[in-house]
$ cat coords-v3.txt   # compact mmCIF, C-alpha atoms
# COMPACT_ATOMS: atom_id res chain seq x y z
CA MET A 1 78.40 103.99 51.62
CA GLN A 2 80.45 106.58 53.44
CA ILE A 3 81.08 105.47 56.96
CA GLY A 4 82.90 107.46 59.63
CA ILE A 5 84.87 105.99 62.48
CA LEU A 6 85.42 108.13 65.57
CA TYR A 7 88.61 107.00 67.22
CA SER A 8 91.54 108.04 69.30
CA ARG A 9 93.55 104.87 68.92
CA ILE A 10 93.35 102.09 66.34
CA ARG A 11 93.14 98.83 68.24
CA LYS A 12 92.99 95.41 66.63
CA ASP A 13 89.18 95.73 66.85
CA GLU A 14 89.12 98.93 64.76
CA LYS A 15 91.55 97.39 62.31
CA LEU A 16 89.24 94.41 61.78
CA LEU A 17 86.35 96.80 61.25
CA LEU A 18 88.28 99.02 58.82
CA GLY A 19 89.40 95.98 56.84
CA GLU A 20 85.86 94.66 56.49
CA LEU A 21 84.43 98.06 55.51
CA ARG A 22 87.09 98.61 52.83
CA ASP A 23 86.76 95.05 51.51
CA ARG A 24 83.10 95.80 50.86
CA GLY A 25 83.97 98.97 48.98
CA HIS A 26 82.77 101.47 51.53
CA GLU A 27 84.49 104.83 51.80
CA VAL A 28 85.85 105.18 55.31
CA GLU A 29 86.42 108.53 57.00
CA LYS A 30 88.70 108.10 59.99
CA ILE A 31 87.99 110.84 62.51
CA ASP A 32 90.71 111.21 65.12
CA VAL A 33 88.87 113.08 67.89
CA ARG A 34 92.16 114.40 69.25
CA LYS A 35 92.63 116.53 66.12
CA GLU A 36 89.14 117.92 65.64
CA ARG A 37 87.19 120.84 67.07
CA PHE A 38 83.52 120.53 67.90
CA GLY A 39 81.48 123.74 67.84
CA LEU A 40 77.82 124.28 68.64
CA ASP A 41 76.82 124.35 64.97
CA SER A 42 79.61 122.58 63.13
CA THR A 43 82.87 120.71 63.42
CA THR A 44 86.21 120.61 61.67
CA ALA A 45 85.62 116.88 61.18
CA ASN A 46 84.50 115.88 57.71
CA VAL A 47 81.07 114.49 58.58
CA ASP A 48 78.65 116.20 56.19
CA ASP A 49 78.33 113.40 53.64
CA LEU A 50 78.63 110.45 55.97
CA ASP A 51 75.83 107.89 55.98
CA ILE A 52 76.68 106.84 59.52
CA VAL A 53 79.42 107.24 62.09
CA VAL A 54 80.48 104.47 64.45
CA ASP A 55 81.97 105.57 67.75
CA ARG A 56 85.12 103.61 68.58
CA CYS A 57 86.73 106.09 70.97
CA LEU A 58 88.95 104.42 73.52
CA SER A 59 88.49 107.30 75.92
CA THR A 60 85.07 107.36 77.54
CA SER A 61 85.00 111.13 78.07
CA ARG A 62 85.88 111.80 74.43
CA SER A 63 83.32 109.25 73.30
CA LEU A 64 80.53 110.85 75.31
CA TYR A 65 81.21 114.43 74.17
CA ALA A 66 82.05 113.71 70.54
CA THR A 67 78.93 111.59 70.01
CA GLN A 68 76.75 114.32 71.54
CA PHE A 69 78.20 116.94 69.21
CA LEU A 70 77.79 114.77 66.10
CA ASP A 71 74.27 113.88 67.14
CA SER A 72 73.47 117.59 67.52
CA TYR A 73 74.55 118.18 63.89
CA GLY A 74 72.10 115.47 62.78
CA VAL A 75 74.83 112.96 61.86
CA PRO A 76 73.56 109.38 62.36
CA ILE A 77 75.80 107.81 64.97
CA VAL A 78 76.08 104.46 66.71
CA ASN A 79 76.04 103.97 69.54
CA THR A 80 73.92 106.97 70.44
CA PRO A 81 75.11 109.37 73.13
CA GLU A 82 72.17 108.26 75.28
CA THR A 83 73.31 104.64 75.20
CA GLY A 84 76.90 105.70 75.83
CA ASP A 85 75.88 107.81 78.78
CA ILE A 86 74.22 104.86 80.48
CA CYS A 87 76.87 102.28 79.66
CA ALA A 88 79.85 104.46 80.55
CA ASP A 89 78.74 104.78 84.15
CA LYS A 90 78.32 101.66 86.25
CA ALA A 91 75.73 103.25 88.51
CA LYS A 92 73.56 104.32 85.57
CA ASN A 93 74.13 100.90 84.01
CA SER A 94 72.90 99.13 87.15
CA LEU A 95 69.89 101.42 87.44
CA ALA A 96 68.90 100.83 83.81
CA LEU A 97 69.15 97.05 84.23
CA ALA A 98 67.14 97.13 87.46
CA ARG A 99 64.49 99.38 85.89
CA ALA A 100 64.09 96.84 83.08
CA ASP A 101 63.81 94.05 85.66
CA VAL A 102 66.96 92.40 84.33
CA PRO A 103 68.64 90.39 87.12
CA THR A 104 71.76 92.29 88.18
CA PRO A 105 73.97 92.07 91.28
CA ALA A 106 72.74 93.94 94.37
CA THR A 107 74.44 97.34 94.35
CA GLU A 108 74.62 100.43 96.51
CA VAL A 109 76.18 103.83 95.87
CA THR A 110 77.42 106.02 98.72
CA PHE A 111 79.20 109.37 98.78
CA THR A 112 81.29 109.22 101.94
CA LYS A 113 83.62 106.56 103.25
CA GLU A 114 81.56 106.29 106.42
CA ALA A 115 78.42 105.44 104.46
CA ALA A 116 80.49 103.15 102.24
CA MET A 117 81.73 101.30 105.31
CA GLU A 118 78.15 100.79 106.49
CA SER A 119 77.21 99.45 103.08
CA ILE A 120 80.20 97.10 102.95
CA GLU A 121 79.47 95.74 106.44
CA GLU A 122 75.88 95.10 105.44
CA PHE A 123 76.88 93.28 102.24
CA GLY A 124 79.37 91.26 104.29
CA TYR A 125 82.69 89.89 103.12
CA PRO A 126 83.70 89.45 100.42
CA CYS A 127 82.05 92.24 98.51
CA VAL A 128 83.20 94.35 95.58
CA LEU A 129 84.10 98.01 95.20
CA LYS A 130 84.32 99.41 91.67
CA PRO A 131 85.01 102.81 90.14
CA VAL A 132 81.86 104.13 88.42
CA VAL A 133 83.88 104.82 85.25
CA GLY A 134 86.55 102.42 84.08
CA SER A 135 87.13 99.21 82.23
CA TRP A 136 89.25 96.11 81.83
CA GLY A 137 88.89 95.31 85.55
CA ARG A 138 91.08 98.24 86.56
CA LEU A 139 90.83 99.56 90.13
CA MET A 140 88.27 96.94 91.10
CA ALA A 141 88.61 95.64 94.62
CA LYS A 142 87.32 92.41 96.13
CA ILE A 143 87.10 93.30 99.80
CA ASP A 144 87.70 90.38 102.14
CA SER A 145 87.85 92.11 105.52
CA ARG A 146 87.02 95.29 107.42
CA ASN A 147 90.71 96.15 107.57
CA ALA A 148 91.00 95.96 103.78
CA ALA A 149 87.82 98.02 103.37
CA GLU A 150 89.10 100.80 105.62
CA ALA A 151 92.42 100.97 103.77
CA ILE A 152 90.87 101.01 100.29
CA LEU A 153 88.28 103.62 101.20
CA GLU A 154 90.90 105.88 102.75
CA HIS A 155 93.12 105.56 99.69
CA LYS A 156 90.23 106.36 97.35
CA GLU A 157 89.13 109.35 99.39
CA THR A 158 92.65 110.73 99.69
CA LEU A 159 94.15 109.94 96.31
CA GLY A 160 91.25 109.73 93.89
CA HIS A 161 89.56 112.48 91.93
CA TYR A 162 85.91 113.26 92.58
CA GLU A 163 84.56 110.20 90.79
CA HIS A 164 86.35 108.03 93.35
CA LYS A 165 84.24 109.60 96.04
CA VAL A 166 81.23 107.94 94.46
CA PHE A 167 81.55 104.53 96.09
CA TYR A 168 79.95 101.80 93.97
CA ILE A 169 79.59 98.74 96.17
CA GLN A 170 78.29 95.43 94.96
CA GLU A 171 77.59 91.97 96.25
CA PHE A 172 80.27 89.44 95.36
CA VAL A 173 78.81 86.91 92.92
CA ASP A 174 80.41 83.51 93.42
CA LYS A 175 80.64 82.70 89.71
CA PRO A 176 82.02 79.35 88.54
CA GLY A 177 85.45 80.75 87.61
CA ARG A 178 84.09 82.29 84.44
CA ASP A 179 81.77 84.91 83.12
CA ILE A 180 80.11 85.30 79.74
CA ARG A 181 80.55 88.04 77.14
CA ALA A 182 77.88 88.28 74.46
CA LEU A 183 78.29 90.69 71.56
CA ALA A 184 74.91 91.83 70.33
CA VAL A 185 73.47 94.25 67.82
CA ASP A 186 70.15 95.73 68.89
CA GLY A 187 69.71 92.79 71.23
CA GLU A 188 70.49 90.09 68.69
CA PRO A 189 73.64 88.16 69.64
CA ILE A 190 76.45 87.89 67.10
CA ALA A 191 78.55 85.54 69.23
CA ALA A 192 79.35 84.76 72.85
CA MET A 193 82.26 83.38 74.83
CA THR A 194 83.21 82.51 78.35
CA ARG A 195 86.18 84.13 80.05
CA SER A 196 87.81 81.92 82.66
CA SER A 197 90.48 82.58 85.23
CA ASP A 198 91.62 81.41 88.66
CA HIS A 199 91.57 85.10 89.57
CA TRP A 200 88.23 86.63 90.59
CA LEU A 201 88.55 89.03 87.65
CA THR A 202 88.00 87.03 84.47
CA ASN A 203 88.20 89.86 81.88
CA ALA A 204 89.95 88.92 78.64
CA ALA A 205 91.98 92.12 79.15
CA LYS A 206 93.23 90.58 82.42
CA GLY A 207 94.32 87.44 80.59
CA GLY A 208 91.18 85.35 81.13
CA GLU A 209 91.03 82.24 78.93
CA THR A 210 88.26 82.44 76.35
CA LYS A 211 86.02 79.71 74.89
CA PRO A 212 82.96 79.85 72.65
CA PHE A 213 79.65 79.75 74.51
CA ASP A 214 76.18 78.83 73.24
CA LEU A 215 73.61 81.13 74.76
CA ASP A 216 70.54 79.22 75.99
CA ASP A 217 67.03 80.63 75.78
CA ARG A 218 67.28 82.40 79.14
CA ALA A 219 70.60 84.02 78.25
CA LEU A 220 69.24 85.08 74.85
CA GLU A 221 66.27 86.72 76.55
CA LEU A 222 68.49 88.53 79.04
CA VAL A 223 70.87 89.79 76.35
CA GLU A 224 67.92 91.19 74.42
CA ARG A 225 66.40 92.83 77.49
CA ALA A 226 69.72 94.20 78.76
CA SER A 227 70.39 95.71 75.34
CA GLU A 228 66.97 97.32 75.22
CA ALA A 229 67.43 98.63 78.78
CA VAL A 230 70.37 100.80 77.70
CA GLY A 231 68.86 101.91 74.38
CA ASP A 232 70.22 99.14 72.11
CA GLY A 233 73.20 99.34 69.74
CA LEU A 234 76.44 97.44 69.25
CA LEU A 235 76.97 96.21 72.77
CA GLY A 236 78.93 93.81 74.92
CA VAL A 237 76.62 92.24 77.48
CA ASP A 238 78.38 90.60 80.44
CA LEU A 239 76.63 87.87 82.37
CA MET A 240 77.58 85.63 85.28
CA GLU A 241 76.10 82.23 86.01
CA VAL A 242 74.52 82.03 89.44
CA GLY A 243 74.07 78.65 91.06
CA GLY A 244 77.01 77.06 89.26
CA GLU A 245 78.17 76.30 85.75
CA GLY A 246 75.34 75.36 83.40
CA SER A 247 72.67 76.31 85.95
CA GLY A 248 70.80 78.31 83.31
CA GLU A 249 70.39 81.19 85.76
CA TYR A 250 72.25 84.42 85.14
CA THR A 251 72.84 87.87 86.45
CA VAL A 252 73.84 90.69 84.09
CA HIS A 253 76.57 92.80 85.63
CA GLU A 254 77.15 95.32 82.86
CA VAL A 255 76.67 96.39 79.27
CA ASN A 256 79.61 97.92 77.35
CA HIS A 257 79.09 100.50 74.61
CA THR A 258 82.45 100.68 72.78
CA VAL A 259 82.80 96.94 72.93
CA GLU A 260 86.00 95.17 71.96
CA PHE A 261 85.50 92.07 69.84
CA LYS A 262 88.93 90.86 68.77
CA ALA A 263 88.94 88.12 71.44
CA LEU A 264 85.48 86.98 70.37
CA ASP A 265 86.52 86.96 66.72
CA ALA A 266 89.57 84.84 67.55
CA THR A 267 87.65 82.51 69.89
CA THR A 268 84.57 81.68 67.84
CA ASP A 269 83.94 80.56 64.25
CA VAL A 270 81.80 83.65 63.68
CA ASP A 271 83.16 86.35 61.37
CA VAL A 272 82.49 89.06 63.92
CA PRO A 273 83.58 92.13 61.90
CA ALA A 274 81.42 90.95 58.97
CA LYS A 275 78.39 90.68 61.24
CA VAL A 276 79.09 94.11 62.72
CA VAL A 277 79.37 95.64 59.25
CA ASP A 278 76.14 93.89 58.14
CA TRP A 279 74.43 95.68 61.00
CA LEU A 280 76.13 99.02 60.27
CA GLU A 281 75.00 98.83 56.66
CA ALA A 282 71.43 98.18 57.79
CA LYS A 283 71.57 101.10 60.25
CA ALA A 284 72.97 103.44 57.59
CA ALA A 285 70.30 102.37 55.11
CA ALA A 286 67.60 102.95 57.71
CA ALA A 287 69.01 106.39 58.51
CA ALA A 288 69.04 107.25 54.81
CA ASP A 289 65.38 106.29 54.69
CA GLY A 290 64.71 108.84 57.36
CA GLU A 291 64.43 106.48 60.30
CA GLU A 292 65.85 107.77 63.53
CA VAL A 293 68.97 105.91 64.62
CA THR A 294 67.95 104.57 67.97
CA ALA A 295 70.98 102.50 68.73
CA MET B 1 109.27 99.01 43.89
CA THR B 2 106.95 98.27 46.80
CA SER B 3 103.71 96.35 46.88
CA ASP B 4 100.76 96.22 49.30
CA THR B 5 102.26 93.19 50.95
CA ASP B 6 105.71 94.65 51.53
CA PRO B 7 106.44 95.48 55.14
CA VAL B 8 106.80 99.18 55.93
CA LEU B 9 110.09 100.33 57.40
CA ALA B 10 110.24 103.00 60.08
CA GLU B 11 112.59 104.43 62.65
CA ASP B 12 111.95 103.48 66.26
CA PRO B 13 111.66 106.92 67.94
CA ILE B 14 113.25 105.68 71.15
CA THR B 15 116.23 103.67 69.93
CA GLY B 16 116.64 105.07 66.43
CA GLU B 17 116.76 101.53 65.02
CA GLU B 18 114.94 100.60 61.84
CA ILE B 19 111.87 98.46 62.53
CA GLU B 20 109.40 96.65 60.31
CA LEU B 21 105.68 97.45 60.40
CA PRO B 22 102.93 95.34 58.83
CA ALA B 23 102.09 96.24 55.21
CA ASP B 24 98.54 97.23 56.15
CA VAL B 25 99.58 99.55 58.97
CA GLU B 26 97.12 102.40 59.73
CA VAL B 27 97.55 105.94 60.98
CA GLY B 28 96.51 105.88 64.64
CA GLU B 29 97.49 102.25 65.06
CA ILE B 30 99.50 101.17 68.07
CA ILE B 31 102.56 99.03 67.41
CA ASP B 32 104.67 97.27 70.00
CA SER B 33 108.29 98.17 69.32
CA PRO B 34 110.12 94.92 68.51
CA VAL B 35 113.22 96.51 70.06
CA THR B 36 111.98 97.76 73.43
CA GLY B 37 108.38 96.53 73.64
CA THR B 38 107.24 100.14 74.07
CA GLU B 39 103.88 101.04 72.56
CA LEU B 40 104.34 103.30 69.54
CA GLU B 41 101.65 105.22 67.70
CA VAL B 42 101.71 105.58 63.93
CA ILE B 43 101.48 109.35 63.38
CA SER B 44 101.76 109.38 59.59
CA LEU B 45 102.48 107.02 56.72
CA ASP B 46 104.06 109.29 54.13
CA PRO B 47 106.63 109.63 55.52
CA VAL B 48 106.27 106.97 58.19
CA VAL B 49 106.51 108.63 61.59
CA LEU B 50 106.18 106.87 64.92
CA GLU B 51 105.90 108.40 68.37
CA GLU B 52 105.72 106.90 71.81
CA ALA B 53 102.01 106.15 72.40
CA PRO B 54 100.08 108.08 75.05
CA GLU B 55 99.98 106.57 78.53
CA LEU B 56 96.87 104.61 79.39
CA GLU B 57 94.30 106.86 81.05
CA GLU B 58 91.76 106.01 83.66
CA ASP B 59 88.69 106.39 81.45
CA TRP B 60 90.02 104.22 78.63
CA GLY B 61 88.22 101.01 77.87
CA GLU B 62 85.03 99.53 76.52

$ encode --input "coords-v3.txt" --output "structure tokens"
Amino acid sequence: MQIGILYSRIRKDEKLLLGELRDRGHEVEKIDVRKERFGLDSTTANVDDLDIVVDRCLSTSRSLYATQFLDSYGVPIVNTPETGDICADKAKNSLALARADVPTPATEVTFTKEAAMESIEEFGYPCVLKPVVGSWGRLMAKIDSRNAAEAILEHKETLGHYEHKVFYIQEFVDKPGRDIRALAVDGEPIAAMTRSSDHWLTNAAKGGETKPFDLDDRALELVERASEAVGDGLLGVDLMEVGGEGSGEYTVHEVNHTVEFKALDATTDVDVPAKVVDWLEAKAAAAADGEEVTA
Amino acid sequence: MTSDTDPVLAEDPITGEEIELPADVEVGEIIDSPVTGTELEVISLDPVVLEEAPELEEDWGE
């Protein structure tokens, strides 16, 4: 097959993927979005003969635009721009999960610091303030007091660009020092791990310690439903245990659409890139058969 | 004569020192300079050209 990879930076994750694709004899077209032009009818990128393109853009804005352009040319692409649009924005992500009745932390969005302050006071302390676009735990604030809230809101209003004037405020979930990352394809988990830290942010990118995790029936159901809520695809579903470790009750705080999997590959016995490529091959075959790529 | 397993040699664009890259290095890949720890991007492989990698931007991530 001829498989395209949209990228702007080759991380370890992309390297694992490229290695697996080439080992299986696929022709890989690397598309560096920084070098291409995307017109209304065509692009300088060599996409005409590709069976499928997988979006691995590190930059969210580039990912969202490039996937929309390729989709408009009729190039099968995963994840779809629709899924990317929901996952890239925490407010849209929360709305999609709530619409699908997937348990997710209580969240409010406000547009002024005065309204944000009201929201924060109503949530009580601690609560959490997040940028609507961003990753790896960057610019997230656990707010412990009114004084801290006032300072953070003033900084965001004064120093941030317009997206920082969308205040995304969330209840603080008292998780048991860990959260869970499940990698799933169209709702079917490939592997899962916990990410533990003494810090309230447990992201692997923040240095959280990772261990394999067996999803129980409830977690499996939530991963499937969370995936479906955002339009399915190759996704990282993040869950927190509520009521303590091993309680079997979860809340889903977000779904990631250009998911990193190197930590999961290193942590578990699962050959993650092989599973991802199995799925890509199936998606490409389905697209060749005329099925719409829905993920 | 080189083989697929031979390391690739390149010039560190910051210090000018010769550094070793993995044999399977890719265009677009980010390498930590063994000299300064700076992130370097592989711009081309023939010839091997490295540049200082772009700064992390706010919308980067998953």

$ atom_distance --input "coords-v3.txt" --atom1 "CA of Arg181 (chain A)" --atom2 "CA of Met193 (chain A)"
5.5 Å

$ closest_atom_pairs --input "coords-v3.txt" --of "chain A" --to "chain B" --cutoff "7 Å" --atoms "all atoms listed in the file" --output "CSV"
residue,atom,partner,partner_atom,distance
A:Arg9,CA,B:Gly28,CA,5.3
A:Ile10,CA,B:Glu29,CA,4.3
A:Arg11,CA,B:Glu29,CA,6.4
A:Leu58,CA,B:Trp60,CA,5.2
A:Ser59,CA,B:Trp60,CA,4.4
A:Thr60,CA,B:Asp59,CA,5.4
A:Ser61,CA,B:Asp59,CA,6.9
A:Val133,CA,B:Asp59,CA,6.3
A:Gly134,CA,B:Asp59,CA,5.2
A:Ser135,CA,B:Gly61,CA,4.8
A:Trp136,CA,B:Gly61,CA,6.4
A:Asn256,CA,B:Glu62,CA,5.7
A:His257,CA,B:Glu62,CA,6.3
A:Thr258,CA,B:Glu62,CA,4.7
A:Val259,CA,B:Glu62,CA,5.0
A:Glu260,CA,B:Glu62,CA,6.4

$ atom_distance --input "coords-v3.txt" --atom1 "CA of Glu221 (chain A)" --atom2 "CA of His253 (chain A)"
15.0 Å

$ residues_around --input "coords-v3.txt" --residues "Gly248 (chain A)" --least-positions-apart "6" --cutoff "12 Å" --atoms "all atoms listed in the file" --output "list of chain:residue names"
A:Asp214, A:Leu215, A:Asp216, A:Asp217, A:Arg218, A:Ala219, A:Leu220, A:Glu221, A:Leu222, A:Leu239, A:Met240, A:Glu241, A:Val242

$ write_last_selection --input "coords-v3.txt" --atoms "C-alpha atoms" --output "PDB file, in the frame of the given file"
ATOM      1  CA  ASP A 214      76.180  78.830  73.240  1.00  0.00           C
ATOM      2  CA  LEU A 215      73.610  81.130  74.760  1.00  0.00           C
ATOM      3  CA  ASP A 216      70.540  79.220  75.990  1.00  0.00           C
ATOM      4  CA  ASP A 217      67.030  80.630  75.780  1.00  0.00           C
ATOM      5  CA  ARG A 218      67.280  82.400  79.140  1.00  0.00           C
ATOM      6  CA  ALA A 219      70.600  84.020  78.250  1.00  0.00           C
ATOM      7  CA  LEU A 220      69.240  85.080  74.850  1.00  0.00           C
ATOM      8  CA  GLU A 221      66.270  86.720  76.550  1.00  0.00           C
ATOM      9  CA  LEU A 222      68.490  88.530  79.040  1.00  0.00           C
ATOM     10  CA  LEU A 239      76.630  87.870  82.370  1.00  0.00           C
ATOM     11  CA  MET A 240      77.580  85.630  85.280  1.00  0.00           C
ATOM     12  CA  GLU A 241      76.100  82.230  86.010  1.00  0.00           C
ATOM     13  CA  VAL A 242      74.520  82.030  89.440  1.00  0.00           C
TER      14      VAL A 242
END

$ residues_near_point --input "coords-v3.txt" --point "(84.6, 90.8, 57.7)" --cutoff "7 Å" --atoms "all atoms listed in the file" --output "list in words"
Glu20, Asp271, Val272, Pro273 and Ala274 of chain A

$ residues_around --input "coords-v3.txt" --residues "Val54 (chain A)" --least-positions-apart "2" --cutoff "8 Å" --atoms "only C-alpha atoms" --output "list of chain:residue names"
A:Ile3, A:Gly4, A:Ile5, A:Leu6, A:Ile52, A:Arg56, A:Ile77, A:Val78, A:Asn79

$ residues_near_point --input "coords-v3.txt" --point "(77.3, 116.8, 55.0)" --cutoff "12 Å" --atoms "all atoms listed in the file" --output "ChimeraX atom specification"
/A:2,4,42-52,70,73-76

$ write_last_selection --input "coords-v3.txt" --atoms "C-alpha atoms" --output "short mmCIF file (atom, residue, chain, number, x, y, z; two decimals), keeping the file's coordinate frame"
data_model
loop_
_atom_site.label_atom_id
_atom_site.label_comp_id
_atom_site.auth_asym_id
_atom_site.auth_seq_id
_atom_site.Cartn_x
_atom_site.Cartn_y
_atom_site.Cartn_z
CA GLN A 2 80.45 106.58 53.44
CA GLY A 4 82.90 107.46 59.63
CA SER A 42 79.61 122.58 63.13
CA THR A 43 82.87 120.71 63.42
CA THR A 44 86.21 120.61 61.67
CA ALA A 45 85.62 116.88 61.18
CA ASN A 46 84.50 115.88 57.71
CA VAL A 47 81.07 114.49 58.58
CA ASP A 48 78.65 116.20 56.19
CA ASP A 49 78.33 113.40 53.64
CA LEU A 50 78.63 110.45 55.97
CA ASP A 51 75.83 107.89 55.98
CA ILE A 52 76.68 106.84 59.52
CA LEU A 70 77.79 114.77 66.10
CA TYR A 73 74.55 118.18 63.89
CA GLY A 74 72.10 115.47 62.78
CA VAL A 75 74.83 112.96 61.86
CA PRO A 76 73.56 109.38 62.36
#

$ residues_around --input "coords-v3.txt" --residues "Glu20 (chain B)" --least-positions-apart "3" --cutoff "9 Å" --atoms "only C-alpha atoms" --output "list in words"
Pro7, Val8, Leu9, Ala10, Glu11, Ala23 and Pro34 of chain B

$ atom_distance --input "coords-v3.txt" --atom1 "CA of Phe167 (chain A)" --atom2 "CA of Thr83 (chain A)"
22.5 Å

$ axis_aligned_box --input "coords-v3.txt" --around "region 248-260 of chain A" --padding-each-side "3 Å" --output "JSON"
{"center_x": 78.2, "center_y": 89.5, "center_z": 79.2, "size_x": 21.6, "size_y": 28.4, "size_z": 20.5}

$ residues_around --input "coords-v3.txt" --residues "region 111-127 of chain A" --least-positions-apart "4" --cutoff "8 Å" --atoms "all atoms listed in the file" --output "PyMOL selection string"
chain A and resi 142-146+149-150+153-154+157+165-167+169-172

$ closest_residue --input "coords-v3.txt" --among "A:Asp13, A:Glu29, A:Glu254, A:Asp278" --to "Val132 (chain A)" --atoms "all atoms listed in the file"
A:Glu254

$ closest_residue --input "coords-v3.txt" --among "A:Ala191, A:Ala91, A:Ala282, A:Val223" --to "Ala266 (chain A)" --atoms "only C-alpha atoms"
A:Ala191
